[in-house]
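Below: final.cif (mmCIF, C-alpha atoms and all ligand atoms)
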```cif
data_model
loop_
_atom_site.label_atom_id
_atom_site.label_comp_id
_atom_site.auth_asym_id
_atom_site.auth_seq_id
_atom_site.Cartn_x
_atom_site.Cartn_y
_atom_site.Cartn_z
CA MET A 136 9.57 -17.01 16.40
CA SER A 137 6.38 -15.04 16.62
CA PHE A 138 5.83 -11.88 14.66
CA ILE A 139 2.92 -9.48 14.96
CA VAL A 140 1.90 -6.93 12.34
CA GLU A 141 -0.15 -4.06 13.72
CA LEU A 142 -1.84 -1.03 12.18
CA LEU A 143 -1.25 2.32 13.82
CA PRO A 144 -3.76 4.88 12.55
CA ALA A 145 -2.27 8.32 11.90
CA PHE A 146 -3.58 11.64 10.54
CA ALA A 147 -7.01 11.38 8.90
CA ASP A 148 -6.62 8.11 7.01
CA ASN A 149 -3.00 6.83 7.14
CA TYR A 150 -1.87 3.51 8.53
CA ILE A 151 1.64 3.08 9.89
CA PHE A 152 2.64 -0.58 10.15
CA LEU A 153 4.44 -1.90 13.19
CA VAL A 154 6.03 -5.34 12.86
CA SER A 155 7.35 -6.79 16.07
CA ASP A 156 9.35 -9.77 17.16
CA ARG A 157 7.94 -10.27 20.64
CA ASP A 158 10.62 -12.81 21.61
CA LEU A 159 13.38 -10.28 21.08
CA GLY A 160 11.34 -7.19 21.99
CA LEU A 161 12.27 -5.58 18.67
CA ALA A 162 10.18 -3.75 16.12
CA MET A 163 10.37 -2.36 12.63
CA VAL A 164 8.05 0.28 11.30
CA VAL A 165 6.85 0.93 7.76
CA ASP A 166 6.07 4.50 6.64
CA PRO A 167 6.06 6.34 9.97
CA GLY A 168 4.41 9.59 8.94
CA ASP A 169 3.91 10.52 12.58
CA GLY A 170 6.79 9.65 14.91
CA GLU A 171 4.87 10.27 18.11
CA VAL A 172 2.23 7.71 17.22
CA VAL A 173 5.02 5.15 16.82
CA VAL A 174 6.85 6.11 20.03
CA ARG A 175 3.61 5.75 22.00
CA ALA A 176 2.95 2.32 20.49
CA LEU A 177 6.52 1.14 21.16
CA LYS A 178 6.41 2.28 24.79
CA ALA A 179 3.01 0.68 25.39
CA ARG A 180 4.38 -2.63 24.08
CA ASP A 181 7.81 -2.30 25.63
CA LEU A 182 9.54 -2.64 22.25
CA HIS A 183 12.78 -1.24 20.87
CA LEU A 184 12.73 0.08 17.31
CA SER A 185 15.51 -1.38 15.16
CA LEU A 186 14.43 -0.55 11.60
CA ILE A 187 12.48 2.06 9.64
CA LEU A 188 11.25 1.34 6.11
CA ASN A 189 9.95 4.00 3.73
CA THR A 190 8.06 3.30 0.50
CA HIS A 191 8.28 6.83 -0.93
CA HIS A 192 9.18 10.38 -0.07
CA HIS A 193 5.75 11.86 0.80
CA THR A 194 5.69 13.42 4.27
CA ASP A 195 2.71 11.39 5.46
CA HIS A 196 5.01 8.35 5.10
CA THR A 197 8.36 9.79 6.24
CA GLY A 198 7.55 12.64 8.65
CA GLY A 199 8.41 10.59 11.73
CA ASN A 200 11.81 9.32 10.51
CA ASP A 201 13.72 12.06 12.24
CA LEU A 202 12.15 11.68 15.68
CA LEU A 203 12.46 7.88 15.58
CA GLN A 204 16.09 8.00 14.46
CA ARG A 205 16.88 10.34 17.32
CA GLU A 206 15.00 8.30 19.94
CA TYR A 207 16.09 4.83 18.87
CA GLY A 208 19.01 5.25 16.47
CA ALA A 209 17.15 3.06 14.01
CA PRO A 210 18.39 3.10 10.41
CA VAL A 211 16.09 4.32 7.63
CA ILE A 212 15.86 2.22 4.48
CA GLY A 213 14.20 3.87 1.50
CA PRO A 214 14.04 4.05 -2.29
CA ALA A 215 17.37 4.76 -3.98
CA LYS A 216 15.67 6.93 -6.57
CA GLU A 217 14.35 9.23 -3.82
CA LYS A 218 17.49 9.42 -1.70
CA SER A 219 17.79 13.17 -2.18
CA ARG A 220 14.18 13.66 -1.09
CA ILE A 221 14.26 11.67 2.17
CA ALA A 222 16.50 13.20 4.83
CA GLY A 223 18.81 10.90 6.77
CA MET A 224 18.37 7.77 4.68
CA SER A 225 20.82 5.14 5.96
CA ARG A 226 20.48 2.66 3.12
CA ALA A 227 19.09 3.21 -0.37
CA VAL A 228 17.52 0.16 -2.00
CA GLY A 229 16.08 -0.78 -5.36
CA HIS A 230 14.34 -3.62 -7.12
CA GLY A 231 15.64 -7.03 -6.08
CA ASP A 232 17.38 -5.88 -2.92
CA ILE A 233 16.71 -7.67 0.34
CA VAL A 234 16.02 -6.03 3.69
CA THR A 235 16.18 -7.98 6.94
CA PHE A 236 14.47 -7.63 10.28
CA SER A 237 15.15 -10.32 12.90
CA THR A 238 14.80 -13.57 10.93
CA LEU A 239 12.55 -11.97 8.32
CA ARG A 240 13.62 -11.25 4.76
CA GLY A 241 11.81 -8.61 2.75
CA GLU A 242 12.09 -8.30 -1.02
CA VAL A 243 12.18 -4.83 -2.56
CA LEU A 244 9.95 -4.33 -5.58
CA ALA A 245 10.15 -1.28 -7.86
CA THR A 246 6.62 0.11 -8.00
CA GLY A 247 6.92 3.58 -9.50
CA GLY A 248 3.97 5.62 -10.70
CA HIS A 249 2.57 7.36 -7.61
CA THR A 250 6.06 8.77 -7.13
CA ALA A 251 8.88 8.02 -9.56
CA GLY A 252 10.97 5.97 -7.14
CA HIS A 253 8.22 4.33 -5.08
CA ILE A 254 9.12 0.85 -3.81
CA SER A 255 7.17 -1.89 -2.04
CA TYR A 256 8.37 -4.51 0.43
CA TYR A 257 7.21 -8.12 0.27
CA PHE A 258 7.85 -10.41 3.24
CA PRO A 259 7.08 -14.00 2.16
CA GLN A 260 7.38 -15.41 5.70
CA LEU A 261 4.68 -12.98 6.88
CA LYS A 262 2.72 -13.26 3.62
CA ALA A 263 2.73 -9.47 3.86
CA LEU A 264 3.07 -6.77 1.23
CA PHE A 265 3.78 -3.20 2.30
CA CYS A 266 2.89 -1.24 -0.80
CA GLY A 267 2.60 2.35 0.42
CA ASP A 268 0.43 4.36 -1.97
CA VAL A 269 0.59 2.08 -5.03
CA LEU A 270 -2.18 -0.40 -4.33
CA PHE A 271 -5.19 0.23 -2.10
CA SER A 272 -8.17 -2.00 -1.46
CA LEU A 273 -10.34 -1.54 -4.58
CA GLY A 274 -8.12 1.33 -5.71
CA CYS A 275 -4.63 2.53 -6.54
CA GLY A 276 -2.52 5.61 -5.88
CA LYS A 277 -2.73 8.82 -7.83
CA LEU A 278 -0.20 9.34 -10.61
CA PHE A 279 1.78 12.25 -9.22
CA GLU A 280 5.11 11.44 -10.87
CA GLY A 281 4.49 8.59 -13.27
CA THR A 282 2.67 7.56 -16.42
CA PRO A 283 -0.28 5.17 -16.56
CA ALA A 284 2.01 2.62 -18.26
CA GLU A 285 4.50 2.75 -15.36
CA MET A 286 1.78 2.37 -12.75
CA TRP A 287 0.17 -0.50 -14.66
CA GLU A 288 3.54 -2.31 -14.76
CA SER A 289 3.89 -1.77 -10.99
CA LEU A 290 0.42 -3.14 -10.33
CA LYS A 291 1.10 -6.17 -12.53
CA LEU A 292 4.24 -6.86 -10.51
CA LEU A 293 2.19 -6.84 -7.29
CA ARG A 294 -0.57 -8.88 -8.91
CA ALA A 295 1.97 -11.63 -9.60
CA LEU A 296 2.42 -12.25 -5.86
CA PRO A 297 0.59 -15.21 -4.26
CA ASP A 298 -3.15 -14.98 -3.63
CA ASP A 299 -2.73 -15.42 0.12
CA THR A 300 -0.65 -12.23 0.39
CA GLN A 301 -2.00 -9.65 2.84
CA VAL A 302 -1.96 -6.20 1.29
CA TYR A 303 -0.93 -3.60 3.86
CA ALA A 304 -1.93 -0.44 2.00
CA ALA A 305 -1.05 2.83 3.70
CA HIS A 306 -4.45 4.53 3.56
CA GLU A 307 -8.01 3.77 4.59
CA TYR A 308 -9.54 4.72 1.25
CA SER A 309 -11.59 1.58 0.73
CA GLU A 310 -15.08 3.02 1.13
CA ALA A 311 -14.56 5.76 -1.46
CA ASN A 312 -12.72 3.33 -3.71
CA ALA A 313 -15.66 0.91 -3.54
CA LYS A 314 -18.06 3.59 -4.78
CA PHE A 315 -16.01 4.19 -7.91
CA ALA A 316 -15.33 0.48 -8.50
CA LEU A 317 -19.06 -0.36 -8.26
CA ALA A 318 -19.86 2.45 -10.69
CA ILE A 319 -17.58 1.12 -13.41
CA ASP A 320 -17.77 -2.66 -12.84
CA LYS A 321 -21.46 -3.21 -12.17
CA GLY A 322 -21.74 -6.93 -12.84
CA ASN A 323 -18.87 -8.02 -10.59
CA GLU A 324 -20.34 -10.15 -7.78
CA ALA A 325 -17.04 -10.55 -5.93
CA LEU A 326 -16.69 -6.76 -5.92
CA LYS A 327 -20.19 -6.35 -4.51
CA ALA A 328 -19.32 -8.78 -1.71
CA ARG A 329 -16.09 -6.96 -0.87
CA ALA A 330 -17.86 -3.58 -0.96
CA ALA A 331 -20.48 -4.90 1.49
CA GLU A 332 -17.72 -6.21 3.73
CA ILE A 333 -15.99 -2.80 3.64
CA THR A 334 -19.22 -1.01 4.58
CA ALA A 335 -19.76 -3.37 7.50
CA LEU A 336 -16.16 -3.04 8.74
CA ARG A 337 -16.25 0.76 8.60
CA LYS A 338 -19.63 0.85 10.35
CA ALA A 339 -18.07 -1.18 13.15
CA GLY A 340 -15.14 1.25 13.27
CA LYS A 341 -12.70 -1.40 12.00
CA PRO A 342 -9.96 -1.10 9.37
CA THR A 343 -10.46 -2.70 5.96
CA ILE A 344 -6.70 -3.25 5.76
CA PRO A 345 -5.02 -5.64 5.24
CA ALA A 346 -6.85 -6.76 2.10
CA LEU A 347 -6.35 -10.22 0.65
CA LEU A 348 -4.47 -9.99 -2.64
CA GLY A 349 -6.29 -12.97 -4.19
CA ASN A 350 -9.56 -11.15 -3.67
CA GLU A 351 -8.20 -7.81 -4.91
CA LYS A 352 -7.19 -9.56 -8.11
CA ILE A 353 -10.85 -10.25 -8.89
CA CYS A 354 -12.41 -7.12 -7.28
CA ASN A 355 -10.05 -4.20 -7.79
CA PRO A 356 -10.65 -2.62 -11.22
CA PHE A 357 -7.12 -1.21 -11.28
CA LEU A 358 -5.74 -4.78 -11.20
CA ARG A 359 -8.16 -5.77 -13.97
CA ALA A 360 -7.29 -3.36 -16.78
CA ASP A 361 -6.63 -6.38 -19.01
CA SER A 362 -9.94 -8.12 -18.23
CA THR A 363 -12.36 -8.46 -21.15
CA GLU A 364 -15.45 -8.10 -18.96
CA LEU A 365 -14.18 -4.90 -17.39
CA ARG A 366 -13.14 -3.55 -20.80
CA ASN A 367 -16.66 -4.14 -22.12
CA SER A 368 -18.25 -2.51 -19.12
CA LEU A 369 -15.90 0.50 -19.44
CA ILE A 370 -16.80 0.88 -23.11
CA LYS A 371 -20.49 0.72 -22.18
CA GLY A 372 -19.93 3.33 -19.51
CA GLY A 373 -18.20 5.69 -21.94
CA ILE A 374 -14.82 5.42 -20.19
CA GLY A 375 -13.03 2.80 -22.27
CA ALA A 376 -12.11 2.71 -25.93
CA ALA A 377 -12.19 -0.52 -27.92
CA ASP A 378 -8.70 0.02 -29.31
CA ALA A 379 -7.05 0.96 -25.99
CA ASP A 380 -4.46 -1.49 -24.66
CA ALA A 381 -4.47 -2.45 -20.96
CA ALA A 382 -2.12 0.37 -19.93
CA ALA A 383 -4.23 2.95 -21.77
CA LEU A 384 -7.41 1.52 -20.30
CA PHE A 385 -5.82 1.70 -16.87
CA GLY A 386 -5.00 5.37 -17.53
CA LEU A 387 -8.58 6.10 -18.61
CA MET A 388 -9.89 4.50 -15.41
CA ARG A 389 -7.43 6.42 -13.25
CA SER A 390 -8.38 9.75 -14.78
CA ALA A 391 -12.09 8.90 -14.55
CA LYS A 392 -11.55 8.31 -10.85
CA ASP A 393 -9.76 11.67 -10.54
CA ARG A 394 -12.99 13.27 -11.77
CA PHE A 395 -15.39 10.99 -9.85
CA GLY A 396 -17.71 12.58 -7.32
CA GLY A 397 -15.17 15.08 -6.02
CA GLN A 398 -12.95 12.30 -4.63
CA LYS A 399 -9.45 13.41 -3.75
CA LEU A 400 -7.86 9.96 -3.69
ZN ZN A 501 1.92 9.25 -1.18
FE FE A 502 0.16 8.69 1.39
#
```

Can you present the structure in this file as structure tokens?
Ligand code: ZN
Ligand code: FE
Amino acid sequence: MSFIVELLPAFADNYIFLVSDRDLGLAMVVDPGDGEVVVRALKARDLHLSLILNTHHHTDHTGGNDLLQREYGAPVIGPAKEKSRIAGMSRAVGHGDIVTFSTLRGEVLATGGHTAGHISYYFPQLKALFCGDVLFSLGCGKLFEGTPAEMWESLKLLRALPDDTQVYAAHEYSEANAKFALAIDKGNEALKARAAEITALRKAGKPTIPALLGNEKICNPFLRADSTELRNSLIKGGIGAADADAAALFGLMRSAKDRFGGQKL
């Protein structure tokens, strides 16, 4: 059985993920913000869409549900806590539930914080994590509906996955994220290497996604809120407080990023 995971760029910086079983000619799509982008990709590959997964209710992740349901009759699976905010949801899932596509099994993880009901999907057979707007390469999502403590718990849950997991984050924010990460974690050599890689990829017009989780664990400051080195460097930089616990330190970093260089992400 051969599966292919592809990135479909949409809008200014979104990625829609198309997973296909080429033997059966079937596909599933994760976070189809733009339905037409997906229809074009399916037609070009001669695939039938059999499943739609949503991580959270934001339109840039769900806007194409309607068109795709109409064209292919594919069911929409989404977060139970956001059922009232996603039109036409066929199945509402929560932490610990399993979704299936062809012979693949995906585990649902509760990753609230960006939105209250945000979920992620982990497919061990693909070594793939579809984490919407929770975890980005060298960054994390904004806290629109959650507290720093909730988001930190979500990130710790994702951090517990195996190092060889590919992180399919839904936005190409890596370059801006790298700028902030380098500013607050100056001595981190692994971060410098990843930032250089990101610059080179973007220069070549290539995506920086997926990111390798094992590398994010050592490079991404938002996965390192409990690291002593990062804590010390945050205190030096005037962001951290010596008595802040990891969740509080995470919150201080997140709000520092909200103010950083006019970045909107
Ligand atoms: Zn979002
Ligand atoms: Fe988004």

Within 9 Å of ligand ZN 501 (chain A), which residues of chain A come that close, and what is the closest atom pair and distance in Å for each? Count all atoms listed in the file and give it as a Markdown table.
```
| residue | atom | partner | partner_atom | distance |
| --- | --- | --- | --- | --- |
| A:Thr190 | CA | A:ZN501 | ZN | 8.7 |
| A:His191 | CA | A:ZN501 | ZN | 6.8 |
| A:His192 | CA | A:ZN501 | ZN | 7.4 |
| A:His193 | CA | A:ZN501 | ZN | 5.0 |
| A:Thr194 | CA | A:ZN501 | ZN | 7.8 |
| A:Asp195 | CA | A:ZN501 | ZN | 7.0 |
| A:His196 | CA | A:ZN501 | ZN | 7.1 |
| A:His249 | CA | A:ZN501 | ZN | 6.7 |
| A:Thr250 | CA | A:ZN501 | ZN | 7.3 |
| A:His253 | CA | A:ZN501 | ZN | 8.9 |
| A:Gly267 | CA | A:ZN501 | ZN | 7.1 |
| A:Asp268 | CA | A:ZN501 | ZN | 5.2 |
| A:Val269 | CA | A:ZN501 | ZN | 8.2 |
| A:Gly276 | CA | A:ZN501 | ZN | 7.4 |
| A:Lys277 | CA | A:ZN501 | ZN | 8.1 |
| A:Phe279 | CA | A:ZN501 | ZN | 8.6 |
| A:Ala305 | CA | A:ZN501 | ZN | 8.6 |
```

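With only C-alpha atoms and all ligand atoms as the atoms that count, the residue of A:Thr282, A:Ser137, A:Ser362, A:Asn189 with the shortest distance to ligand FE 502 (chain A) is A:Asn189.
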
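Ranking A:Leu270, A:Ala311, A:Ala176, A:Ala382 by their shortest atom-to-atom distance to ligand FE 502 (chain A), with all atoms listed in the file included, puts A:Leu270 first.
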
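You can rank A:Met286, A:Ile151, A:Ala251, A:Ala391 by their closest distance to ligand FE 502 (chain A) using only C-alpha atoms and all ligand atoms, and at the top of that list sits A:Ile151.
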
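Nearest-residue note for Leu278 (chain A): choosing from A:Val228, A:Leu161, A:Leu261, A:Met388, the minimum distance belongs to A:Met388, counting only C-alpha atoms.
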
Shortest interatomic distance to Ile221 (chain A) - which of A:Asn355, A:Ser272, A:Asn200, A:Ser237, counting all atoms listed in the file = A:Asn200

task = Find the spatial neighbours of Asn149 (chain A), counting only C-alpha atoms, within a cut-off of 12 Å - ignore same-chain residues fewer than 4 positions away - and output them as JSON, numbers by chain.
result = {"A": [142, 143, 144, 145, 165, 166, 167, 168, 169, 172, 193, 194, 195, 196, 197, 267, 268, 271, 303, 304, 305, 306, 307, 308, 309, 342, 344]}

Write a file of the selected residues as a PDB file, in the coordinates of the input, keeping C-alpha atoms.
```pdb
ATOM      1  CA  LEU A 142      -1.840  -1.030  12.180  1.00  0.00           C
ATOM      2  CA  LEU A 143      -1.250   2.320  13.820  1.00  0.00           C
ATOM      3  CA  PRO A 144      -3.760   4.880  12.550  1.00  0.00           C
ATOM      4  CA  ALA A 145      -2.270   8.320  11.900  1.00  0.00           C
ATOM      5  CA  VAL A 165       6.850   0.930   7.760  1.00  0.00           C
ATOM      6  CA  ASP A 166       6.070   4.500   6.640  1.00  0.00           C
ATOM      7  CA  PRO A 167       6.060   6.340   9.970  1.00  0.00           C
ATOM      8  CA  GLY A 168       4.410   9.590   8.940  1.00  0.00           C
ATOM      9  CA  ASP A 169       3.910  10.520  12.580  1.00  0.00           C
ATOM     10  CA  VAL A 172       2.230   7.710  17.220  1.00  0.00           C
ATOM     11  CA  HIS A 193       5.750  11.860   0.800  1.00  0.00           C
ATOM     12  CA  THR A 194       5.690  13.420   4.270  1.00  0.00           C
ATOM     13  CA  ASP A 195       2.710  11.390   5.460  1.00  0.00           C
ATOM     14  CA  HIS A 196       5.010   8.350   5.100  1.00  0.00           C
ATOM     15  CA  THR A 197       8.360   9.790   6.240  1.00  0.00           C
ATOM     16  CA  GLY A 267       2.600   2.350   0.420  1.00  0.00           C
ATOM     17  CA  ASP A 268       0.430   4.360  -1.970  1.00  0.00           C
ATOM     18  CA  PHE A 271      -5.190   0.230  -2.100  1.00  0.00           C
ATOM     19  CA  TYR A 303      -0.930  -3.600   3.860  1.00  0.00           C
ATOM     20  CA  ALA A 304      -1.930  -0.440   2.000  1.00  0.00           C
ATOM     21  CA  ALA A 305      -1.050   2.830   3.700  1.00  0.00           C
ATOM     22  CA  HIS A 306      -4.450   4.530   3.560  1.00  0.00           C
ATOM     23  CA  GLU A 307      -8.010   3.770   4.590  1.00  0.00           C
ATOM     24  CA  TYR A 308      -9.540   4.720   1.250  1.00  0.00           C
ATOM     25  CA  SER A 309     -11.590   1.580   0.730  1.00  0.00           C
ATOM     26  CA  PRO A 342      -9.960  -1.100   9.370  1.00  0.00           C
ATOM     27  CA  ILE A 344      -6.700  -3.250   5.760  1.00  0.00           C
TER      28      ILE A 344
END
```

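Closest to Phe138 (chain A) among A:Leu348, A:Ile233, A:Ala227, A:Ala263 is A:Ala263, based on only C-alpha atoms.
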
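Straight-line separation from CA of Leu182 (chain A) to CA of Asp201 (chain A): 18.3 Å.
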
key: Coordinates-based distance that separates CA of Ala245 (chain A) from CA of His230 (chain A) (Å, one decimal)   = 4.9 Å

task = For CA of Gly208 (chain A) and CA of Ser185 (chain A), determine how far apart the two atoms are, in Å to one decimal place.
result = 7.6 Å

Any chance you could work out the axis-aligned box around region 283-292 of chain A, listed atoms only, 3 Å on each side, giving centre and edge lengths in Å to one decimal, as lines of an AutoDock Vina configuration file?
```
center_x = 2.1
center_y = -0.8
center_z = -14.3
size_x = 10.8
size_y = 18.0
size_z = 13.9
```
